[in-house]
file model_1.pdb (PDB, C-alpha atoms, pLDDT in the B column)
ATOM      1  CA  MET A  10      93.856 104.959  93.693  1.00 43.00           C
ATOM      2  CA  LYS A  11      92.852 108.125  91.855  1.00 45.00           C
ATOM      3  CA  LYS A  12      94.819 111.354  91.826  1.00 48.00           C
ATOM      4  CA  ASN A  13      93.240 114.473  90.380  1.00 46.00           C
ATOM      5  CA  ASN A  14      95.124 117.746  89.884  1.00 44.00           C
ATOM      6  CA  GLU A  15      92.748 120.262  88.360  1.00 40.00           C
ATOM      7  CA  HIS A  16      95.426 122.932  87.905  1.00 38.00           C
ATOM      8  CA  VAL A  17      97.254 120.963  85.222  1.00 41.00           C
ATOM      9  CA  ASN A  18      94.215 118.926  84.140  1.00 58.00           C
ATOM     10  CA  GLU A  19      95.880 115.672  85.207  1.00 61.00           C
ATOM     11  CA  VAL A  20      94.177 112.476  86.247  1.00 78.00           C
ATOM     12  CA  THR A  21      96.000 109.270  87.157  1.00 85.00           C
ATOM     13  CA  PHE A  22      94.868 105.842  88.296  1.00 91.00           C
ATOM     14  CA  ARG A  23      96.915 103.131  89.967  1.00 92.00           C
ATOM     15  CA  ALA A  24      96.100  99.589  91.006  1.00 94.00           C
ATOM     16  CA  THR A  25      97.455  97.543  93.900  1.00 94.00           C
ATOM     17  CA  GLY A  26      96.935  94.001  92.614  1.00 97.00           C
ATOM     18  CA  LEU A  27      94.865  91.695  90.457  1.00 97.00           C
ATOM     19  CA  SER A  28      91.235  92.630  89.835  1.00 97.00           C
ATOM     20  CA  LEU A  29      89.686  89.544  88.254  1.00 97.00           C
ATOM     21  CA  GLY A  30      86.191  88.080  88.201  1.00 95.00           C
ATOM     22  CA  LYS A  31      84.505  90.889  86.289  1.00 95.00           C
ATOM     23  CA  THR A  32      83.358  90.903  82.673  1.00 96.00           C
ATOM     24  CA  ILE A  33      84.483  93.504  80.159  1.00 96.00           C
ATOM     25  CA  GLU A  34      81.775  94.029  77.566  1.00 96.00           C
ATOM     26  CA  ILE A  35      83.451  93.972  74.165  1.00 95.00           C
ATOM     27  CA  LYS A  36      82.525  96.911  71.948  1.00 93.00           C
ATOM     28  CA  ASP A  37      82.239  96.845  68.163  1.00 94.00           C
ATOM     29  CA  SER A  38      84.196 100.089  67.937  1.00 90.00           C
ATOM     30  CA  TRP A  39      87.282  98.575  69.551  1.00 92.00           C
ATOM     31  CA  GLU A  40      90.305  97.562  67.533  1.00 91.00           C
ATOM     32  CA  PRO A  41      91.013  93.806  67.134  1.00 91.00           C
ATOM     33  CA  SER A  42      93.881  93.975  69.637  1.00 92.00           C
ATOM     34  CA  GLN A  43      91.595  95.572  72.228  1.00 94.00           C
ATOM     35  CA  LYS A  44      88.925  92.911  71.717  1.00 94.00           C
ATOM     36  CA  LYS A  45      91.481  90.128  72.146  1.00 95.00           C
ATOM     37  CA  MET A  46      92.801  91.722  75.324  1.00 96.00           C
ATOM     38  CA  ALA A  47      89.278  91.995  76.737  1.00 97.00           C
ATOM     39  CA  GLN A  48      88.679  88.339  75.895  1.00 96.00           C
ATOM     40  CA  ALA A  49      91.925  87.421  77.640  1.00 97.00           C
ATOM     41  CA  TYR A  50      90.775  89.281  80.757  1.00 97.00           C
ATOM     42  CA  ASN A  51      87.317  87.695  80.733  1.00 98.00           C
ATOM     43  CA  GLN A  52      88.892  84.224  80.761  1.00 97.00           C
ATOM     44  CA  ALA A  53      91.437  85.014  83.462  1.00 98.00           C
ATOM     45  CA  LEU A  54      91.642  83.241  86.812  1.00 97.00           C
ATOM     46  CA  GLU A  55      93.947  83.686  89.800  1.00 98.00           C
ATOM     47  CA  VAL A  56      95.640  80.271  89.874  1.00 97.00           C
ATOM     48  CA  PHE A  57      98.340  81.141  92.419  1.00 97.00           C
ATOM     49  CA  PRO A  58      98.577  84.096  94.812  1.00 97.00           C
ATOM     50  CA  GLY A  59      99.024  87.209  92.675  1.00 97.00           C
ATOM     51  CA  VAL A  60      99.224  85.212  89.426  1.00 98.00           C
ATOM     52  CA  ALA A  61      96.605  85.535  86.665  1.00 98.00           C
ATOM     53  CA  GLN A  62      96.155  82.786  84.094  1.00 98.00           C
ATOM     54  CA  THR A  63      94.439  83.230  80.752  1.00 98.00           C
ATOM     55  CA  ILE A  64      94.299  81.397  77.427  1.00 96.00           C
ATOM     56  CA  TYR A  65      94.745  82.327  73.790  1.00 94.00           C
ATOM     57  CA  GLY A  66      94.587  79.644  71.103  1.00 92.00           C
ATOM     58  CA  ASN A  67      96.978  76.843  72.022  1.00 93.00           C
ATOM     59  CA  TYR A  68      98.689  78.862  74.736  1.00 96.00           C
ATOM     60  CA  THR A  69      98.209  79.284  78.454  1.00 97.00           C
ATOM     61  CA  ILE A  70      99.546  82.626  79.697  1.00 98.00           C
ATOM     62  CA  PHE A  71     100.532  83.619  83.232  1.00 98.00           C
ATOM     63  CA  VAL A  72     100.768  87.274  84.280  1.00 98.00           C
ATOM     64  CA  HIS A  73     102.609  88.214  87.483  1.00 98.00           C
ATOM     65  CA  PRO A  74     102.056  91.935  88.144  1.00 98.00           C
ATOM     66  CA  GLU A  75     104.362  92.130  91.167  1.00 97.00           C
ATOM     67  CA  SER A  76     107.410  91.207  89.080  1.00 97.00           C
ATOM     68  CA  GLY A  77     106.076  92.664  85.829  1.00 97.00           C
ATOM     69  CA  GLU A  78     106.648  89.384  84.004  1.00 98.00           C
ATOM     70  CA  ALA A  79     104.594  87.062  81.806  1.00 98.00           C
ATOM     71  CA  TYR A  80     105.124  83.382  81.030  1.00 98.00           C
ATOM     72  CA  TRP A  81     103.393  80.968  78.667  1.00 97.00           C
ATOM     73  CA  PHE A  82     103.299  77.384  77.430  1.00 97.00           C
ATOM     74  CA  ASN A  83     101.647  75.437  74.612  1.00 95.00           C
ATOM     75  CA  HIS A  84      98.909  73.360  76.246  1.00 96.00           C
ATOM     76  CA  LYS A  85      98.589  71.198  73.121  1.00 94.00           C
ATOM     77  CA  LEU A  86     102.104  69.938  73.773  1.00 94.00           C
ATOM     78  CA  TYR A  87     102.185  69.914  77.575  1.00 96.00           C
ATOM     79  CA  LEU A  88      99.901  68.597  80.282  1.00 95.00           C
ATOM     80  CA  ALA A  89      99.684  70.924  83.284  1.00 97.00           C
ATOM     81  CA  THR A  90      99.398  69.552  86.815  1.00 97.00           C
ATOM     82  CA  TYR A  91      98.421  72.119  89.452  1.00 97.00           C
ATOM     83  CA  GLU A  92      99.191  71.584  93.109  1.00 95.00           C
ATOM     84  CA  LEU A  93      99.327  73.930  96.070  1.00 92.00           C
ATOM     85  CA  ASN A  94     101.836  76.608  94.992  1.00 93.00           C
ATOM     86  CA  LYS A  95     103.302  74.258  92.379  1.00 97.00           C
ATOM     87  CA  LEU A  96     102.904  73.709  88.633  1.00 98.00           C
ATOM     88  CA  THR A  97     104.384  70.806  86.708  1.00 97.00           C
ATOM     89  CA  LEU A  98     104.389  70.490  82.915  1.00 96.00           C
ATOM     90  CA  THR A  99     104.594  67.060  81.281  1.00 95.00           C
ATOM     91  CA  LYS A 100     105.176  66.416  77.589  1.00 93.00           C
ATOM     92  CA  LYS A 101     102.103  64.762  76.112  1.00 91.00           C
ATOM     93  CA  VAL A 102     104.171  62.711  73.658  1.00 88.00           C
ATOM     94  CA  LYS A 103     106.713  61.475  76.198  1.00 72.00           C
ATOM     95  CA  ARG A 104     104.815  61.307  79.463  1.00 72.00           C
ATOM     96  CA  SER A 105     107.991  60.550  81.404  1.00 74.00           C
ATOM     97  CA  THR A 106     109.416  64.002  80.658  1.00 88.00           C
ATOM     98  CA  SER A 107     108.189  66.456  83.305  1.00 92.00           C
ATOM     99  CA  LEU A 108     109.425  69.718  84.741  1.00 95.00           C
ATOM    100  CA  VAL A 109     108.374  71.871  87.690  1.00 97.00           C
ATOM    101  CA  VAL A 110     107.945  75.364  86.229  1.00 97.00           C
ATOM    102  CA  TYR A 111     106.424  77.166  89.218  1.00 98.00           C
ATOM    103  CA  GLU A 112     106.914  76.576  92.914  1.00 97.00           C
ATOM    104  CA  ASN A 113     106.335  78.690  96.018  1.00 96.00           C
ATOM    105  CA  GLY A 114     105.936  81.956  94.139  1.00 95.00           C
ATOM    106  CA  VAL A 115     108.846  81.471  91.739  1.00 97.00           C
ATOM    107  CA  PHE A 116     108.495  80.813  87.998  1.00 97.00           C
ATOM    108  CA  LYS A 117     111.168  78.666  86.353  1.00 96.00           C
ATOM    109  CA  PRO A 118     111.157  79.406  82.609  1.00 96.00           C
ATOM    110  CA  THR A 119     113.146  77.347  80.140  1.00 92.00           C
ATOM    111  CA  GLU A 120     114.529  77.873  76.643  1.00 86.00           C
ATOM    112  CA  GLY A 121     112.877  76.251  73.644  1.00 82.00           C
ATOM    113  CA  GLY A 122     110.131  74.378  75.461  1.00 89.00           C
ATOM    114  CA  PHE A 123     108.026  73.901  78.577  1.00 95.00           C
ATOM    115  CA  LEU A 124     107.510  77.356  80.181  1.00 97.00           C
ATOM    116  CA  LEU A 125     108.587  80.270  77.989  1.00 96.00           C
ATOM    117  CA  ASN A 126     109.643  83.794  78.900  1.00 95.00           C
ATOM    118  CA  GLY A 127     111.599  84.985  75.858  1.00 92.00           C
ATOM    119  CA  TYR A 128     109.985  88.239  74.797  1.00 94.00           C
ATOM    120  CA  SER A 129     109.669  89.725  71.351  1.00 93.00           C
ATOM    121  CA  LYS A 130     109.947  93.488  70.844  1.00 93.00           C
ATOM    122  CA  ALA A 131     107.354  96.042  69.751  1.00 89.00           C
ATOM    123  CA  GLY A 132     106.807  99.773  69.455  1.00 83.00           C
ATOM    124  CA  GLY A 133     109.092 102.561  68.343  1.00 80.00           C
ATOM    125  CA  LYS A 134     112.764 101.579  68.701  1.00 82.00           C
ATOM    126  CA  ASN A 135     111.525  98.125  69.853  1.00 85.00           C
ATOM    127  CA  GLN A 136     111.281  99.519  73.362  1.00 88.00           C
ATOM    128  CA  TYR A 137     108.419  97.328  74.647  1.00 93.00           C
ATOM    129  CA  ASN A 138     108.526  93.655  75.586  1.00 95.00           C
ATOM    130  CA  CYS A 139     105.689  91.631  74.098  1.00 96.00           C
ATOM    131  CA  ILE A 140     104.454  88.097  73.402  1.00 95.00           C
ATOM    132  CA  LYS A 141     103.701  86.886  69.881  1.00 92.00           C
ATOM    133  CA  LEU A 142     101.066  84.142  69.857  1.00 90.00           C
ATOM    134  CA  GLY A 143      98.690  82.644  67.310  1.00 83.00           C
ATOM    135  CA  ASN A 144      98.863  82.067  63.568  1.00 78.00           C
ATOM    136  CA  LYS A 145      97.171  83.137  60.338  1.00 77.00           C
ATOM    137  CA  GLN A 146      94.260  80.755  60.876  1.00 78.00           C
ATOM    138  CA  GLN A 147      93.320  81.784  64.422  1.00 74.00           C
ATOM    139  CA  GLY A 148      94.742  85.277  64.236  1.00 80.00           C
ATOM    140  CA  HIS A 149      97.745  86.752  65.990  1.00 87.00           C
ATOM    141  CA  PHE A 150      97.752  88.047  69.557  1.00 91.00           C
ATOM    142  CA  ILE A 151     100.714  90.308  70.341  1.00 92.00           C
ATOM    143  CA  PRO A 152     100.130  91.876  73.773  1.00 94.00           C
ATOM    144  CA  ARG A 153     102.766  94.050  75.353  1.00 96.00           C
ATOM    145  CA  ILE A 154     103.668  92.969  78.872  1.00 97.00           C
ATOM    146  CA  HIS A 155     102.736  96.271  80.510  1.00 97.00           C
ATOM    147  CA  GLN A 156      99.328  96.060  78.811  1.00 96.00           C
ATOM    148  CA  LEU A 157      98.691  92.579  80.220  1.00 97.00           C
ATOM    149  CA  VAL A 158      99.607  93.770  83.712  1.00 98.00           C
ATOM    150  CA  ILE A 159      97.357  96.839  83.504  1.00 97.00           C
ATOM    151  CA  VAL A 160      94.338  94.976  82.127  1.00 97.00           C
ATOM    152  CA  MET A 161      94.563  92.167  84.694  1.00 98.00           C
ATOM    153  CA  CYS A 162      94.800  94.685  87.527  1.00 98.00           C
ATOM    154  CA  PHE A 163      92.069  97.103  86.379  1.00 96.00           C
ATOM    155  CA  GLY A 164      89.612  94.911  84.491  1.00 95.00           C
ATOM    156  CA  SER A 165      87.798  97.905  83.048  1.00 93.00           C
ATOM    157  CA  ASP A 166      86.892  99.697  79.819  1.00 92.00           C
ATOM    158  CA  MET A 167      89.339 102.411  80.796  1.00 92.00           C
ATOM    159  CA  ALA A 168      92.216  99.935  80.748  1.00 94.00           C
ATOM    160  CA  ILE A 169      91.165  98.610  77.334  1.00 94.00           C
ATOM    161  CA  ASN A 170      90.726 102.139  75.970  1.00 92.00           C
ATOM    162  CA  ALA A 171      94.288 102.963  77.060  1.00 92.00           C
ATOM    163  CA  LEU A 172      95.505 100.325  74.573  1.00 90.00           C
ATOM    164  CA  GLY A 173      93.876 101.847  71.484  1.00 72.00           C
ATOM    165  CA  GLN A 174      95.832 103.549  68.741  1.00 73.00           C
ATOM    166  CA  LYS A 175      93.252 106.185  67.800  1.00 71.00           C
ATOM    167  CA  GLY A 176      91.462 108.808  69.851  1.00 71.00           C
ATOM    168  CA  ARG A 177      92.313 107.400  73.254  1.00 78.00           C
ATOM    169  CA  LEU A 178      91.955 109.647  76.301  1.00 81.00           C
ATOM    170  CA  PHE A 179      94.327 107.694  78.532  1.00 89.00           C
ATOM    171  CA  ASP A 180      97.825 106.262  78.229  1.00 90.00           C
ATOM    172  CA  ILE A 181      99.754 103.703  80.249  1.00 93.00           C
ATOM    173  CA  ASN A 182     102.664 105.471  81.891  1.00 91.00           C
ATOM    174  CA  HIS A 183     105.924 103.855  83.042  1.00 93.00           C
ATOM    175  CA  ILE A 184     106.656 105.967  86.083  1.00 91.00           C
ATOM    176  CA  ASP A 185     110.438 105.534  86.017  1.00 89.00           C
ATOM    177  CA  GLY A 186     110.588 106.026  82.245  1.00 87.00           C
ATOM    178  CA  ASN A 187     111.850 102.484  81.599  1.00 91.00           C
ATOM    179  CA  PRO A 188     109.438 100.805  79.124  1.00 91.00           C
ATOM    180  CA  LYS A 189     110.752  97.370  80.065  1.00 94.00           C
ATOM    181  CA  ASN A 190     109.962  97.805  83.763  1.00 95.00           C
ATOM    182  CA  CYS A 191     106.423  96.406  83.798  1.00 97.00           C
ATOM    183  CA  ARG A 192     106.048  95.925  87.539  1.00 97.00           C
ATOM    184  CA  LEU A 193     102.634  97.061  88.691  1.00 97.00           C
ATOM    185  CA  ASP A 194     104.136  99.601  91.096  1.00 96.00           C
ATOM    186  CA  ASN A 195     105.813 101.254  88.090  1.00 95.00           C
ATOM    187  CA  LEU A 196     102.642 101.539  85.996  1.00 95.00           C
ATOM    188  CA  GLU A 197      99.712 103.932  86.020  1.00 93.00           C
ATOM    189  CA  ILE A 198      96.921 104.971  83.709  1.00 93.00           C
ATOM    190  CA  GLY A 199      96.923 108.691  83.110  1.00 89.00           C
ATOM    191  CA  THR A 200      95.573 111.356  80.845  1.00 84.00           C
ATOM    192  CA  GLN A 201      97.888 112.317  78.023  1.00 79.00           C
ATOM    193  CA  SER A 202      98.411 115.692  79.685  1.00 79.00           C
ATOM    194  CA  HIS A 203      99.551 113.926  82.855  1.00 76.00           C
ATOM    195  CA  ASN A 204     101.988 111.729  80.977  1.00 74.00           C
ATOM    196  CA  LYS A 205     103.439 114.736  79.182  1.00 76.00           C
ATOM    197  CA  ALA A 206     103.789 116.679  82.433  1.00 77.00           C
ATOM    198  CA  HIS A 207     105.339 113.645  84.145  1.00 71.00           C
ATOM    199  CA  TYR A 208     107.919 113.360  81.384  1.00 68.00           C
ATOM    200  CA  GLU A 209     108.736 117.076  81.487  1.00 70.00           C
ATOM    201  CA  MET A 210     109.025 117.087  85.282  1.00 68.00           C
ATOM    202  CA  TYR A 211     110.854 113.854  86.006  1.00 66.00           C
ATOM    203  CA  LEU A 212     112.251 112.190  82.892  1.00 64.00           C
ATOM    204  CA  ARG A 213     113.409 114.780  80.406  1.00 65.00           C
ATOM    205  CA  GLU A 214     117.128 115.463  80.737  1.00 63.00           C
ATOM    206  CA  ARG A 215     117.900 119.166  81.114  1.00 59.00           C
ATOM    207  CA  PRO A 216     119.952 121.329  83.479  1.00 66.00           C
ATOM    208  CA  LEU A 217     118.498 122.190  86.867  1.00 64.00           C
ATOM    209  CA  LEU A 218     120.847 125.152  87.326  1.00 70.00           C
ATOM    210  CA  VAL A 219     121.728 127.768  84.702  1.00 69.00           C
ATOM    211  CA  PHE A 220     124.060 130.759  84.579  1.00 72.00           C
ATOM    212  CA  ARG A 221     122.142 134.031  84.144  1.00 80.00           C
ATOM    213  CA  ASN A 222     123.255 137.669  84.651  1.00 82.00           C
ATOM    214  CA  GLY A 223     126.425 136.545  86.362  1.00 79.00           C
ATOM    215  CA  GLU A 224     124.635 134.239  88.813  1.00 81.00           C
ATOM    216  CA  VAL A 225     123.857 130.530  89.063  1.00 76.00           C
ATOM    217  CA  VAL A 226     120.070 130.192  89.375  1.00 77.00           C
ATOM    218  CA  PHE A 227     117.381 127.551  89.037  1.00 72.00           C
ATOM    219  CA  ALA A 228     116.191 126.952  85.484  1.00 69.00           C
ATOM    220  CA  GLU A 229     112.838 128.427  84.504  1.00 73.00           C
ATOM    221  CA  TRP A 230     111.289 124.997  83.793  1.00 60.00           C
ATOM    222  CA  TYR A 231     112.014 123.937  87.378  1.00 66.00           C
ATOM    223  CA  LEU A 232     110.565 127.119  88.847  1.00 71.00           C
ATOM    224  CA  ARG A 233     107.380 126.710  86.769  1.00 68.00           C
ATOM    225  CA  ASN A 234     106.937 123.152  88.032  1.00 65.00           C
ATOM    226  CA  ILE A 235     107.422 124.226  91.635  1.00 70.00           C
ATOM    227  CA  GLU A 236     104.870 127.018  91.183  1.00 68.00           C
ATOM    228  CA  GLY A 237     102.419 124.535  89.626  1.00 59.00           C
ATOM    229  CA  GLU A 238     102.771 122.178  92.588  1.00 58.00           C
ATOM    230  CA  HIS A 239     101.997 124.996  95.037  1.00 54.00           C
ATOM    231  CA  LEU A 240      98.955 126.112  93.084  1.00 51.00           C
ATOM    232  CA  GLY A 241      97.641 122.553  92.809  1.00 53.00           C
ATOM    233  CA  SER A 242      98.028 121.782  96.516  1.00 50.00           C
TER     234      SER A 242
END
call {"tool": "encode", "arguments": {"input": "model_1.pdb", "output": "structure tokens"}}
result
Amino acid sequence: MKKNNEHVNEVTFRATGLSLGKTIEIKDSWEPSQKKMAQAYNQALEVFPGVAQTIYGNYTIFVHPESGEAYWFNHKLYLATYELNKLTLTKKVKRSTSLVVYENGVFKPTEGGFLLNGYSKAGGKNQYNCIKLGNKQQGHFIPRIHQLVIVMCFGSDMAINALGQKGRLFDINHIDGNPKNCRLDNLEIGTQSHNKAHYEMYLRERPLLVFRNGEVVFAEWYLRNIEGEHLGS
């Protein structure tokens, strides 16, 4: 869905679910992290309803946009058996050791082995959940969870461009202001002006009412936002 407000020069895009099966053409000008994310998208398949699976190095990664979660396992250590709405992992060394890690729409992560879900942290103040995969030989892949969700649900250059560090036109916005809430319904791609306006309107903490000339009145920032909404409608 696209929303365009010309008055404040805002553009936002939202997705409703996975958008797989396309090919993102990788550009030389992209940063290494963008190229790896595009490669991850190009390999992705919908293995269960609403669940995208991709691969990086020795790892198989699952992305579940509805819950805003990601899970992964080392496919060099575990054999995966897929059934209807069920996934079982079996240790390759000890074939008798198996565990159901997904069943009927529910992932069942574990600690220290099988299916993993223990996030690392990234970004300023370590505010974003991420996955750290790879090594020095094959290169590291450290996607943030909200980035995985956005790319799997847009599958476009715009989504990849929103991940860049330099000169990007779009950002990924967490609508409720919580960077750890990576559910698809809490994410949107927006122009930087939109994200700034969204923060000023909904997330920045400041008084709604002020005392002026002996009266309690609405703050000027609130009145300006109301006027902007009327002019944009």
call {"tool": "resolve_selection", "arguments": {"input": "model_1.pdb", "expression": "the PyMOL selection byres ((chain A and resi 45) around 10)", "output": "list of chain:residue names"}}
result
A:Ile35, A:Trp39, A:Glu40, A:Pro41, A:Ser42, A:Gln43, A:Lys44, A:Met46, A:Ala47, A:Gln48, A:Ala49, A:Tyr50, A:Asn51, A:Tyr65, A:Gly148, A:His149, A:Phe150, A:Ile151, A:Pro152, A:Ile169
call {"tool": "resolve_selection", "arguments": {"input": "model_1.pdb", "expression": "the PyMOL selection byres ((chain A and resi 126-130) around 7)", "output": "PyMOL selection string"}}
result
chain A and resi 79-81+118+124-125+131+135-141
call {"tool": "residues_around", "arguments": {"input": "model_1.pdb", "residues": "His84 of chain A", "least_positions_apart": "5", "cutoff": "10 Å", "atoms": "all atoms listed in the file", "output": "ChimeraX atom specification"}}
result
/A:64,66-70,89,98-101,123
call {"tool": "resolve_selection", "arguments": {"input": "model_1.pdb", "expression": "the PyMOL selection byres ((chain A and resi 25) around 10)", "output": "PyMOL selection string"}}
result
chain A and resi 10+23-24+26-28+74-75+162-163+193-194
call {"tool": "axis_aligned_box", "arguments": {"input": "model_1.pdb", "around": "segment 47-65 of chain A", "padding_each_side": "5 Å", "output": "lines of an AutoDock Vina configuration file"}}
result
center_x = 93.3
center_y = 86.1
center_z = 84.3
size_x = 21.9
size_y = 21.7
size_z = 31.0
call {"tool": "closest_residue", "arguments": {"input": "model_1.pdb", "among": "A:Gly77, A:Leu88, A:Ile33, A:Lys95", "to": "Pro58 of chain A", "atoms": "only C-alpha atoms"}}
result
A:Lys95
call {"tool": "residues_around", "arguments": {"input": "model_1.pdb", "residues": "Gln156 of chain A", "least_positions_apart": "4", "cutoff": "9 Å", "atoms": "all atoms listed in the file", "output": "NGL selection string"}}
result
:A and (46 or 152 or 160-161 or 168-169 or 171-172 or 181 or 191)
call {"tool": "closest_residue", "arguments": {"input": "model_1.pdb", "among": "A:Phe220, A:Glu197, A:Lys205, A:Asp166", "to": "Glu34 of chain A", "atoms": "all atoms listed in the file"}}
result
A:Asp166
